[in-house]
Each structure stands twice: as C-alpha cells, then as structure tokens.
file upload_34.txt (compact mmCIF, C-alpha atoms)
# COMPACT_ATOMS: atom_id res chain seq x y z
CA MET B 1 2.05 6.60 21.51
CA ALA B 2 0.63 3.49 23.17
CA ILE B 3 0.85 0.53 20.79
CA ASP B 4 -0.70 -2.92 20.93
CA LEU B 5 2.21 -5.26 20.20
CA GLY B 6 -0.15 -8.16 20.72
CA THR B 7 -1.37 -7.71 17.16
CA ARG B 8 2.13 -8.12 15.72
CA PRO B 9 3.18 -11.78 15.32
CA GLU B 10 6.88 -10.92 15.09
CA SER B 11 7.96 -14.50 14.43
CA LEU B 12 5.76 -14.61 11.33
CA LEU B 13 8.38 -13.00 9.07
CA THR B 14 11.56 -14.28 10.73
CA GLY B 15 14.42 -15.09 8.37
CA LEU B 16 13.15 -13.38 5.21
CA ARG B 17 16.41 -11.92 3.92
CA ALA B 18 18.16 -11.31 0.61
CA GLY B 19 21.58 -9.68 0.61
CA ASN B 20 21.56 -6.81 3.12
CA LEU B 21 17.78 -6.49 3.05
CA GLU B 22 15.35 -8.03 5.49
CA VAL B 23 11.56 -7.79 5.64
CA ARG B 24 9.69 -8.15 8.95
CA LEU B 25 7.05 -6.59 11.15
CA ALA B 26 7.81 -3.67 13.46
CA ARG B 27 9.15 -4.92 16.78
CA ASP B 28 8.62 -1.92 19.03
CA GLU B 29 7.44 1.66 19.30
CA ASP B 30 10.78 3.05 18.09
CA GLU B 31 10.42 1.22 14.79
CA ILE B 32 6.84 2.41 14.34
CA LEU B 33 7.93 5.99 15.04
CA ALA B 34 10.72 5.57 12.47
CA SER B 35 8.19 4.32 9.91
CA GLN B 36 5.98 7.36 10.60
CA ARG B 37 8.95 9.67 10.08
CA LEU B 38 9.81 7.93 6.80
CA ARG B 39 6.20 8.41 5.72
CA TYR B 40 6.43 12.09 6.62
CA ARG B 41 9.57 12.57 4.55
CA VAL B 42 8.03 10.89 1.50
CA PHE B 43 4.44 12.14 1.69
CA TYR B 44 4.86 15.64 3.11
CA GLU B 45 8.36 16.77 2.21
CA GLU B 46 8.74 15.01 -1.14
CA MET B 47 5.15 14.71 -2.42
CA LYS B 48 3.97 18.02 -0.88
CA ALA B 49 1.09 16.70 1.24
CA ARG B 50 -0.28 19.16 3.79
CA PRO B 51 0.51 18.21 7.39
CA THR B 52 -1.39 19.35 10.43
CA PRO B 53 0.59 21.75 12.66
CA LYS B 54 1.24 18.91 15.13
CA MET B 55 2.49 16.57 12.39
CA ALA B 56 4.80 19.32 11.10
CA ARG B 57 6.24 19.86 14.58
CA GLU B 58 6.82 16.16 15.15
CA ARG B 59 7.78 15.45 11.51
CA ARG B 60 5.82 12.21 11.36
CA ASP B 61 2.70 10.96 9.59
CA TYR B 62 0.21 9.18 11.86
CA ASP B 63 -3.45 8.50 12.56
CA ASP B 64 -5.64 6.49 14.93
CA PHE B 65 -5.02 3.21 13.07
CA ASP B 66 -1.25 3.17 13.63
CA PRO B 67 -1.20 1.89 17.23
CA HIS B 68 -3.26 -1.18 16.35
CA CYS B 69 -2.27 -2.38 12.88
CA ASP B 70 0.76 -4.28 11.62
CA HIS B 71 3.64 -2.27 10.16
CA LEU B 72 5.65 -4.13 7.54
CA LEU B 73 9.27 -2.95 7.36
CA VAL B 74 12.10 -3.42 4.91
CA VAL B 75 15.40 -2.85 6.71
CA ASP B 76 18.98 -2.54 5.53
CA ARG B 77 21.01 -4.74 7.89
CA SER B 78 24.24 -2.97 6.90
CA ALA B 79 23.01 0.43 8.18
CA GLY B 80 23.65 0.03 11.92
CA ASP B 81 21.34 -0.21 14.93
CA ASP B 82 19.32 3.01 14.64
CA PRO B 83 15.89 2.47 13.04
CA GLU B 84 16.10 5.98 11.60
CA ASN B 85 18.98 4.69 9.46
CA TYR B 86 18.13 1.05 8.77
CA LEU B 87 14.44 1.44 7.91
CA VAL B 88 14.15 1.86 4.13
CA GLY B 89 10.54 0.88 3.36
CA THR B 90 7.21 0.45 5.08
CA TYR B 91 3.65 -0.73 4.41
CA ARG B 92 0.67 -0.61 6.77
CA LEU B 93 -1.47 -3.74 7.05
CA ILE B 94 -5.00 -3.67 8.49
CA ARG B 95 -7.02 -6.85 8.88
CA ARG B 96 -10.75 -7.13 9.49
CA SER B 97 -10.33 -7.43 13.26
CA VAL B 98 -8.37 -4.18 13.50
CA ALA B 99 -10.88 -2.36 11.33
CA ALA B 100 -13.67 -3.57 13.62
CA ARG B 101 -11.93 -2.04 16.64
CA GLN B 102 -11.50 1.25 14.76
CA GLY B 103 -15.04 1.40 13.44
CA GLY B 104 -14.09 0.59 9.85
CA PHE B 105 -11.24 0.56 7.36
CA TYR B 106 -9.24 3.67 6.47
CA THR B 107 -10.31 3.27 2.84
CA ALA B 108 -13.96 3.57 3.90
CA GLY B 109 -13.38 7.29 4.40
CA GLU B 110 -13.21 7.60 0.60
CA PHE B 111 -14.84 4.49 -0.84
CA ASP B 112 -17.83 2.28 -0.13
CA VAL B 113 -16.15 -1.09 0.49
CA ALA B 114 -19.27 -2.92 1.68
CA ARG B 115 -19.00 -5.55 -1.09
CA ILE B 116 -15.45 -6.36 -0.05
CA GLU B 117 -16.38 -6.50 3.62
CA ALA B 118 -19.23 -8.88 2.79
CA LEU B 119 -16.80 -11.49 1.45
CA PRO B 120 -16.23 -14.49 3.73
CA GLY B 121 -12.91 -15.05 5.45
CA GLU B 122 -10.07 -12.63 6.09
CA ILE B 123 -9.47 -9.47 4.07
CA LEU B 124 -6.52 -7.09 4.17
CA GLU B 125 -6.24 -3.35 3.64
CA LEU B 126 -2.88 -2.10 2.38
CA GLY B 127 -1.84 1.51 2.85
CA ARG B 128 0.79 4.11 3.67
CA SER B 129 3.28 2.46 1.33
CA CYS B 130 6.57 4.30 0.92
CA VAL B 131 10.26 3.66 0.27
CA ALA B 132 13.24 5.91 0.99
CA LEU B 133 14.44 7.65 -2.17
CA GLU B 134 17.82 5.89 -2.35
CA HIS B 135 16.18 2.46 -2.05
CA ARG B 136 13.49 2.78 -4.71
CA ASN B 137 14.61 -0.19 -6.70
CA ARG B 138 13.52 -3.68 -7.61
CA PRO B 139 15.18 -5.55 -4.70
CA THR B 140 13.44 -3.38 -2.09
CA MET B 141 10.04 -3.79 -3.72
CA GLN B 142 10.56 -7.53 -4.12
CA MET B 143 11.28 -7.86 -0.41
CA MET B 144 8.25 -5.77 0.49
CA TRP B 145 5.96 -7.95 -1.60
CA LEU B 146 7.55 -11.10 -0.22
CA GLY B 147 6.62 -9.90 3.26
CA ILE B 148 3.05 -9.19 2.18
CA SER B 149 2.84 -12.62 0.52
CA THR B 150 3.99 -14.37 3.68
CA TYR B 151 1.50 -12.40 5.75
CA VAL B 152 -1.30 -13.22 3.30
CA VAL B 153 -0.56 -16.95 3.46
CA HIS B 154 -0.39 -16.94 7.27
CA TYR B 155 -3.79 -15.30 7.67
CA ASP B 156 -5.40 -17.00 4.65
CA ILE B 157 -6.33 -13.65 3.12
CA GLY B 158 -8.40 -13.83 -0.06
CA ILE B 159 -8.43 -10.21 -1.18
CA MET B 160 -6.32 -7.12 -0.58
CA PHE B 161 -7.48 -3.58 -1.18
CA GLY B 162 -6.64 0.02 -0.40
CA CYS B 163 -6.23 3.53 -1.73
CA ALA B 164 -3.56 4.10 -4.39
CA SER B 165 -2.72 7.58 -5.57
CA LEU B 166 -1.95 9.58 -8.67
CA SER B 167 0.06 12.69 -7.91
CA GLY B 168 -1.69 16.06 -7.94
CA THR B 169 -5.36 17.05 -7.78
CA ASP B 170 -5.97 18.18 -11.38
CA VAL B 171 -8.46 15.57 -12.57
CA ASP B 172 -8.50 16.85 -16.16
CA ALA B 173 -4.72 16.47 -16.38
CA MET B 174 -5.14 12.80 -15.38
CA ALA B 175 -7.99 12.12 -17.85
CA MET B 176 -6.00 9.57 -19.86
CA PRO B 177 -4.79 7.30 -17.00
CA LEU B 178 -8.07 7.57 -15.10
CA SER B 179 -10.08 6.64 -18.19
CA TYR B 180 -7.66 3.80 -18.93
CA LEU B 181 -8.18 2.35 -15.45
CA HIS B 182 -11.94 2.67 -15.79
CA HIS B 183 -12.21 1.03 -19.21
CA PHE B 184 -9.53 -1.66 -18.89
CA HIS B 185 -9.25 -2.55 -15.19
CA LEU B 186 -12.63 -2.03 -13.52
CA ALA B 187 -13.31 -4.60 -10.78
CA PRO B 188 -16.10 -7.15 -11.22
CA GLU B 189 -19.37 -5.67 -9.99
CA SER B 190 -19.77 -8.30 -7.27
CA ILE B 191 -16.69 -7.06 -5.39
CA ARG B 192 -16.41 -3.51 -6.76
CA ALA B 193 -15.76 -0.64 -4.36
CA ARG B 194 -17.25 2.75 -5.23
CA ALA B 195 -16.19 6.28 -4.36
CA LEU B 196 -18.52 7.81 -1.78
CA ASP B 197 -21.30 9.90 -3.28
CA GLY B 198 -20.11 13.14 -1.71
CA ARG B 199 -16.57 12.66 -3.08
CA PHE B 200 -17.21 10.75 -6.33
CA ILE B 201 -15.09 11.80 -9.34
CA ASP B 202 -16.06 10.11 -12.61
CA MET B 203 -13.06 8.25 -14.07
CA ASP B 204 -14.76 7.78 -17.45
CA ARG B 205 -13.38 11.00 -18.92
CA MET B 206 -12.46 9.77 -22.41
CA PRO B 207 -14.05 7.29 -24.84
CA LYS B 208 -12.30 3.93 -24.75
CA ASP B 209 -11.33 4.15 -28.43
CA ASP B 210 -9.50 7.45 -27.81
CA ILE B 211 -7.19 5.99 -25.18
CA ASP B 212 -3.59 5.13 -25.96
CA PRO B 213 -2.98 2.28 -23.47
CA ARG B 214 0.81 2.56 -23.64
CA ARG B 215 0.76 6.30 -22.95
CA ALA B 216 -1.82 5.85 -20.20
CA GLN B 217 0.28 3.20 -18.48
CA ALA B 218 3.34 5.45 -18.67
CA GLU B 219 1.42 8.12 -16.75
CA LEU B 220 0.50 5.76 -13.92
CA PRO B 221 2.66 5.68 -10.78
CA PRO B 222 4.81 2.55 -10.28
CA LEU B 223 2.72 1.28 -7.36
CA ILE B 224 -0.50 1.19 -9.39
CA LYS B 225 1.30 -0.40 -12.34
CA GLY B 226 2.62 -3.04 -9.96
CA TYR B 227 -0.88 -3.84 -8.72
CA LEU B 228 -2.14 -4.12 -12.29
CA ARG B 229 0.66 -6.53 -13.21
CA LEU B 230 -0.62 -8.76 -10.41
CA GLY B 231 -4.08 -8.77 -11.97
CA GLY B 232 -5.43 -5.99 -9.79
CA PHE B 233 -8.64 -4.07 -10.41
CA VAL B 234 -9.87 -0.59 -9.52
CA GLY B 235 -13.16 0.44 -7.98
CA GLU B 236 -15.65 2.78 -9.59
CA GLY B 237 -14.85 6.49 -9.32
CA ALA B 238 -11.90 8.38 -7.89
CA VAL B 239 -11.51 10.75 -4.93
CA VAL B 240 -9.48 13.95 -4.65
CA ASP B 241 -7.48 14.01 -1.41
CA GLU B 242 -6.55 17.62 -0.79
CA GLN B 243 -4.42 16.84 2.29
CA PHE B 244 -2.19 14.40 0.45
CA ASN B 245 -2.29 16.30 -2.87
CA THR B 246 -3.45 13.21 -4.75
CA ILE B 247 -6.22 11.64 -6.78
CA ASP B 248 -7.06 8.30 -5.16
CA VAL B 249 -8.43 5.13 -6.69
CA CYS B 250 -9.40 1.97 -4.83
CA ILE B 251 -7.18 -0.95 -5.78
CA GLN B 252 -8.44 -4.52 -5.32
CA VAL B 253 -6.20 -7.57 -5.72
CA MET B 254 -7.06 -11.25 -5.33
CA THR B 255 -4.13 -12.79 -3.47
CA GLU B 256 -3.42 -16.05 -5.31
CA LEU B 257 -1.13 -14.58 -7.97
CA VAL B 258 0.73 -12.40 -5.44
CA THR B 259 1.72 -15.25 -3.15
CA GLU B 260 2.75 -17.59 -6.00
CA ARG B 261 4.86 -14.99 -7.78
CA TYR B 262 6.82 -13.60 -4.84
CA MET B 263 7.43 -16.87 -3.05
CA ARG B 264 8.88 -18.27 -6.29
CA HIS B 265 11.05 -15.17 -6.80
CA TYR B 266 12.37 -15.28 -3.23
CA LYS B 267 13.43 -18.91 -3.50
CA ARG B 268 15.26 -18.12 -6.75
CA GLU B 269 16.92 -15.02 -5.22
CA ARG B 270 18.21 -16.96 -2.23
CA ARG B 271 19.58 -19.69 -4.49
CA ASP B 272 21.36 -17.20 -6.76
CA THR B 273 22.89 -15.15 -3.92
CA GLY B 274 23.61 -18.01 -1.54
CA SER B 275 21.70 -16.23 1.23
CA ALA B 276 21.29 -18.11 4.47

call {"tool": "encode", "arguments": {"input": "upload_34.txt", "output": "structure tokens"}}
result
Amino acid sequence: MAIDLGTRPESLLTGLRAGNLEVRLARDEDEILASQRLRYRVFYEEMKARPTPKMARERRDYDDFDPHCDHLLVVDRSAGDDPENYLVGTYRLIRRSVAARQGGFYTAGEFDVARIEALPGEILELGRSCVALEHRNRPTMQMMWLGISTYVVHYDIGIMFGCASLSGTDVDAMAMPLSYLHHFHLAPESIRARALDGRFIDMDRMPKDDIDPRRAQAELPPLIKGYLRLGGFVGEGAVVDEQFNTIDVCIQVMTELVTERYMRHYKRERRDTGSA
C-alpha cells in the first residue's frame, strides 16, 4: 500500500499523553496496516460485517481513502514496540483537500452532504472509529477525543460529520431510537445532510409523543450518545449498509464545544496524574 505521509503532520499531536496512553497520528505504513487490522477485528469479526474475499484473506479493512487521509491512533506505551500490540484505538480523519483528491467524501456514498460542503473554511469527516475490546473505557475515549480536538484547532475546523451506525439492519427493530434522533436531534435545515434518494430510510417511524427518550437513548450505541452529548445533530433519513450490517445516520457536530471540553479535561487529567 503506497501512502502519502506528506498529509500527516506528525508533530501536530506530539506529547499528548495520560498514564500509559498516548494519542498521535500514524507515523508509517506499519501503523496504518495495524489500524486496518484492528478495524477488521472489530467490524468484521466482532460486529459481523461482510468482508470481500481479499479483505478476509488479508484480515484488514481498507478502501481507497486510507492511503491519503490522517489516521488518529491511541497507543498503549506499556505494550512494547509492535504496533499490532500497542495500537488500541483508531479514527480516520478526512479533510476537504483529501476528499477533493478522492472525488468526494466517504459519507457522500450514503448521504447528500452538499450543504456541509458549501460551508466556508475547513470541514472534517470522521469515520472508521474503533477501539480494541479490552480498552473500551473512558480513558481511551478521552484520549481519542483529545486528539481530535487538537487536530480541529490546528486546522481551524468548524464542523465535523460522518456516518455513525446502529447495529443490525432491521429498521423496524430500531424504530424507537431512529424516531428519537429524528424528533429530538435533527440538524438545522441550513446544514442538514440527507440520505440519498435511492437509499433513503425514513427515521420518523413513531409519533414524537409515543417516544420514551430514556429508553431510546439506552438503545443508542455509545458513539452516537457521545456525539449527542457534544451537541451533535443527525441528518435527515438513515441508510442500511448491508456490508457492515448496520443502519447508518449522518452525524454533524459543530466543533466549539468539543475542543473546549476535551482540552479542559486533558489539563485536569495531567494535573491529577502528574503526567509529564
């Protein structure tokens, strides 16, 4: 896999550590391959996505965006020198310039994001988020979001967006959480993404008064709940992704609250732990 390391400002995330965890951008092809193998374990082995025969042979998740985008990594510095062991979390970051080289954003395969793309300044697509099973805890997620916050500040990004998934493809079984997202967290029309006409699944499956918000929130995956806590919105309509065995929604987050919250948390964490 030929990668363009010129797009990865490695020094950007230098020194972001708490305890044994560190967040930074991938430094070389070996780390990107390790992130793809972590994605394969989570998406295909654990979540039962359907790999292509080549992906199954190589046991890694990949596409044409991977060689050009930035790969955010959370690493465990106590786990040795092999990226297969020390890589515990990853997130894929695609800025406007990368999308232009690839003919569009990954999300545009499911959603019309023209209103987001029309916004001035830099925008950021988040995707392929996953964490190794034994590290799915608050400290790992805090470090991941700290890395994203630092990246957002560096590039002066105003809005983040991307596909977020509910497990399974049974839309009727997800009527409560989908309707909750539609009625309570729909993005403002001026920036609202919309599922493509050929793939559009109506999220308005229950009257608003019939929704139990607490139950609906309990049925949402942690990643979507995390976005909502940051003031995130969803686009209009959902998409069934048969390959990944998911129902996808388009998440949209204005960045101001993200950067303020995680920078403040990181400073407090370093003070409490005495991290260098």

call {"tool": "closest_residue", "arguments": {"input": "upload_34.txt", "among": "B:Ile211, B:Ala187, B:Leu124, B:Ala114", "to": "Ser149 (chain B)", "atoms": "all atoms listed in the file"}}
result
B:Leu124

call {"tool": "closest_residue", "arguments": {"input": "upload_34.txt", "among": "B:Leu223, B:Arg57, B:Glu22, B:Ala132", "to": "Ser78 (chain B)", "atoms": "all atoms listed in the file"}}
result
B:Glu22

call {"tool": "closest_residue", "arguments": {"input": "upload_34.txt", "among": "B:Thr246, B:Ser165, B:Asn85, B:Ser129", "to": "Ile224 (chain B)", "atoms": "all atoms listed in the file"}}
result
B:Ser165

call {"tool": "closest_atom_pairs", "arguments": {"input": "upload_34.txt", "of": "region 112-166 of chain B", "to": "region 213-222 of chain B", "cutoff": "12 Å", "atoms": "only C-alpha atoms", "output": "Markdown table"}}
result
| residue | atom | partner | partner_atom | distance |
| --- | --- | --- | --- | --- |
| B:Ser129 | CA | B:Pro222 | CA | 11.7 |
| B:Cys130 | CA | B:Pro222 | CA | 11.5 |
| B:Val131 | CA | B:Pro222 | CA | 11.9 |
| B:Arg136 | CA | B:Pro222 | CA | 10.3 |
| B:Asn137 | CA | B:Pro222 | CA | 10.8 |
| B:Arg138 | CA | B:Pro222 | CA | 11.0 |
| B:Met141 | CA | B:Pro222 | CA | 10.5 |
| B:Ala164 | CA | B:Pro221 | CA | 9.1 |
| B:Ser165 | CA | B:Pro221 | CA | 7.7 |
| B:Leu166 | CA | B:Pro221 | CA | 6.4 |

call {"tool": "write_last_selection", "arguments": {"input": "upload_34.txt", "atoms": "C-alpha atoms", "output": "PDB file, keeping the file's coordinate frame"}}
result
ATOM      1  CA  SER B 129       3.280   2.460   1.330  1.00  0.00           C
ATOM      2  CA  CYS B 130       6.570   4.300   0.920  1.00  0.00           C
ATOM      3  CA  VAL B 131      10.260   3.660   0.270  1.00  0.00           C
ATOM      4  CA  ARG B 136      13.490   2.780  -4.710  1.00  0.00           C
ATOM      5  CA  ASN B 137      14.610  -0.190  -6.700  1.00  0.00           C
ATOM      6  CA  ARG B 138      13.520  -3.680  -7.610  1.00  0.00           C
ATOM      7  CA  MET B 141      10.040  -3.790  -3.720  1.00  0.00           C
ATOM      8  CA  ALA B 164      -3.560   4.100  -4.390  1.00  0.00           C
ATOM      9  CA  SER B 165      -2.720   7.580  -5.570  1.00  0.00           C
ATOM     10  CA  LEU B 166      -1.950   9.580  -8.670  1.00  0.00           C
TER      11      LEU B 166
END

call {"tool": "atom_distance", "arguments": {"input": "upload_34.txt", "atom1": "CA of Ala108 (chain B)", "atom2": "CA of Leu178 (chain B)"}}
result
20.3 Å

call {"tool": "atom_distance", "arguments": {"input": "upload_34.txt", "atom1": "CA of Phe233 (chain B)", "atom2": "CA of His185 (chain B)"}}
result
5.1 Å

call {"tool": "residues_near_point", "arguments": {"input": "upload_34.txt", "point": "(10.2, -6.6, -2.4)", "cutoff": "10 Å", "atoms": "only C-alpha atoms", "output": "list in words"}}
result
Ala18, Leu21, Glu22, Val23, Val74, Gly89, Asn137, Arg138, Pro139, Thr140, Met141, Gln142, Met143, Met144, Trp145, Leu146, Gly147, Ile148, Ser149, Tyr262, His265 and Tyr266 of chain B

call {"tool": "atom_distance", "arguments": {"input": "upload_34.txt", "atom1": "CA of Arg50 (chain B)", "atom2": "CA of Gly168 (chain B)"}}
result
12.2 Å

call {"tool": "closest_residue", "arguments": {"input": "upload_34.txt", "among": "B:Arg92, B:Lys225, B:Arg199, B:Arg101", "to": "Asp70 (chain B)", "atoms": "all atoms listed in the file"}}
result
B:Arg92

call {"tool": "residues_around", "arguments": {"input": "upload_34.txt", "residues": "Gln252 (chain B)", "least_positions_apart": "3", "cutoff": "12 Å", "atoms": "only C-alpha atoms", "output": "short mmCIF file (atom, residue, chain, number, x, y, z; two decimals) with C-alpha atoms, in the frame of the given file"}}
result
data_model
loop_
_atom_site.label_atom_id
_atom_site.label_comp_id
_atom_site.auth_asym_id
_atom_site.auth_seq_id
_atom_site.Cartn_x
_atom_site.Cartn_y
_atom_site.Cartn_z
CA THR B 107 -10.31 3.27 2.84
CA PHE B 111 -14.84 4.49 -0.84
CA VAL B 113 -16.15 -1.09 0.49
CA ARG B 115 -19.00 -5.55 -1.09
CA ILE B 116 -15.45 -6.36 -0.05
CA ILE B 123 -9.47 -9.47 4.07
CA LEU B 124 -6.52 -7.09 4.17
CA GLU B 125 -6.24 -3.35 3.64
CA LEU B 126 -2.88 -2.10 2.38
CA GLY B 158 -8.40 -13.83 -0.06
CA ILE B 159 -8.43 -10.21 -1.18
CA MET B 160 -6.32 -7.12 -0.58
CA PHE B 161 -7.48 -3.58 -1.18
CA GLY B 162 -6.64 0.02 -0.40
CA CYS B 163 -6.23 3.53 -1.73
CA ALA B 164 -3.56 4.10 -4.39
CA HIS B 185 -9.25 -2.55 -15.19
CA LEU B 186 -12.63 -2.03 -13.52
CA ALA B 187 -13.31 -4.60 -10.78
CA PRO B 188 -16.10 -7.15 -11.22
CA GLU B 189 -19.37 -5.67 -9.99
CA ILE B 191 -16.69 -7.06 -5.39
CA ARG B 192 -16.41 -3.51 -6.76
CA ALA B 193 -15.76 -0.64 -4.36
CA ARG B 194 -17.25 2.75 -5.23
CA ILE B 224 -0.50 1.19 -9.39
CA TYR B 227 -0.88 -3.84 -8.72
CA LEU B 228 -2.14 -4.12 -12.29
CA LEU B 230 -0.62 -8.76 -10.41
CA GLY B 231 -4.08 -8.77 -11.97
CA GLY B 232 -5.43 -5.99 -9.79
CA PHE B 233 -8.64 -4.07 -10.41
CA VAL B 234 -9.87 -0.59 -9.52
CA GLY B 235 -13.16 0.44 -7.98
CA GLU B 236 -15.65 2.78 -9.59
CA VAL B 249 -8.43 5.13 -6.69
CA THR B 255 -4.13 -12.79 -3.47
#

call {"tool": "closest_residue", "arguments": {"input": "upload_34.txt", "among": "B:Arg27, B:Arg17, B:Arg128, B:Lys48", "to": "Thr169 (chain B)", "atoms": "all atoms listed in the file"}}
result
B:Lys48

call {"tool": "residues_near_point", "arguments": {"input": "upload_34.txt", "point": "(0.2, 11.5, 9.1)", "cutoff": "12 Å", "atoms": "only C-alpha atoms", "output": "PyMOL selection string"}}
result
chain B and resi 33+35-45+49-66+127-128+243-244

call {"tool": "axis_aligned_box", "arguments": {"input": "upload_34.txt", "around": "region 230-246 of chain B", "padding_each_side": "6 Å", "output": "lines of an AutoDock Vina configuration file"}}
result
center_x = -8.1
center_y = 4.4
center_z = -4.8
size_x = 27.0
size_y = 38.4
size_z = 26.3

call {"tool": "closest_residue", "arguments": {"input": "upload_34.txt", "among": "B:His135, B:Glu110, B:Asp248, B:Met174", "to": "Gly198 (chain B)", "atoms": "all atoms listed in the file"}}
result
B:Glu110

call {"tool": "decode", "arguments": {"input": "upload_34.txt", "residues": "region 121-163 of chain B", "atoms": "C-alpha atoms", "output": "compact mmCIF listing (two decimals), in the first residue's frame"}}
result
# COMPACT_ATOMS: atom_id res chain seq x y z
CA GLY B 121 -13.46 27.14 5.74
CA GLU B 122 -12.23 23.68 6.65
CA ILE B 123 -14.53 20.74 7.36
CA LEU B 124 -13.66 17.30 8.71
CA GLU B 125 -15.15 13.87 8.08
CA LEU B 126 -14.76 11.36 10.91
CA GLY B 127 -15.02 7.64 10.27
CA ARG B 128 -13.84 4.09 10.86
CA SER B 129 -13.81 4.63 14.62
CA CYS B 130 -12.99 1.57 16.69
CA VAL B 131 -11.33 0.56 19.96
CA ALA B 132 -9.92 -2.82 20.98
CA LEU B 133 -12.33 -4.68 23.27
CA GLU B 134 -10.10 -4.59 26.37
CA HIS B 135 -9.62 -0.81 26.04
CA ARG B 136 -13.24 0.28 25.65
CA ASN B 137 -13.24 2.60 28.60
CA ARG B 138 -13.39 6.26 29.44
CA PRO B 139 -9.62 6.98 29.42
CA THR B 140 -9.20 5.62 25.88
CA MET B 141 -12.15 7.60 24.56
CA GLN B 142 -10.97 10.76 26.33
CA MET B 143 -7.57 10.46 24.66
CA MET B 144 -9.15 9.86 21.26
CA TRP B 145 -11.29 12.97 21.56
CA LEU B 146 -8.35 14.99 22.83
CA GLY B 147 -6.50 14.07 19.64
CA ILE B 148 -9.47 15.09 17.51
CA SER B 149 -9.77 18.38 19.43
CA THR B 150 -6.11 19.20 18.85
CA TYR B 151 -6.45 18.39 15.17
CA VAL B 152 -9.59 20.54 14.90
CA VAL B 153 -7.85 23.54 16.49
CA HIS B 154 -4.78 23.18 14.26
CA TYR B 155 -6.81 23.18 11.04
CA ASP B 156 -9.47 25.64 12.26
CA ILE B 157 -12.24 23.16 11.50
CA GLY B 158 -15.78 24.46 12.02
CA ILE B 159 -17.85 21.32 11.58
CA MET B 160 -17.27 17.58 11.79
CA PHE B 161 -19.50 14.97 10.23
CA GLY B 162 -19.62 11.32 9.26
CA CYS B 163 -21.59 8.11 9.29
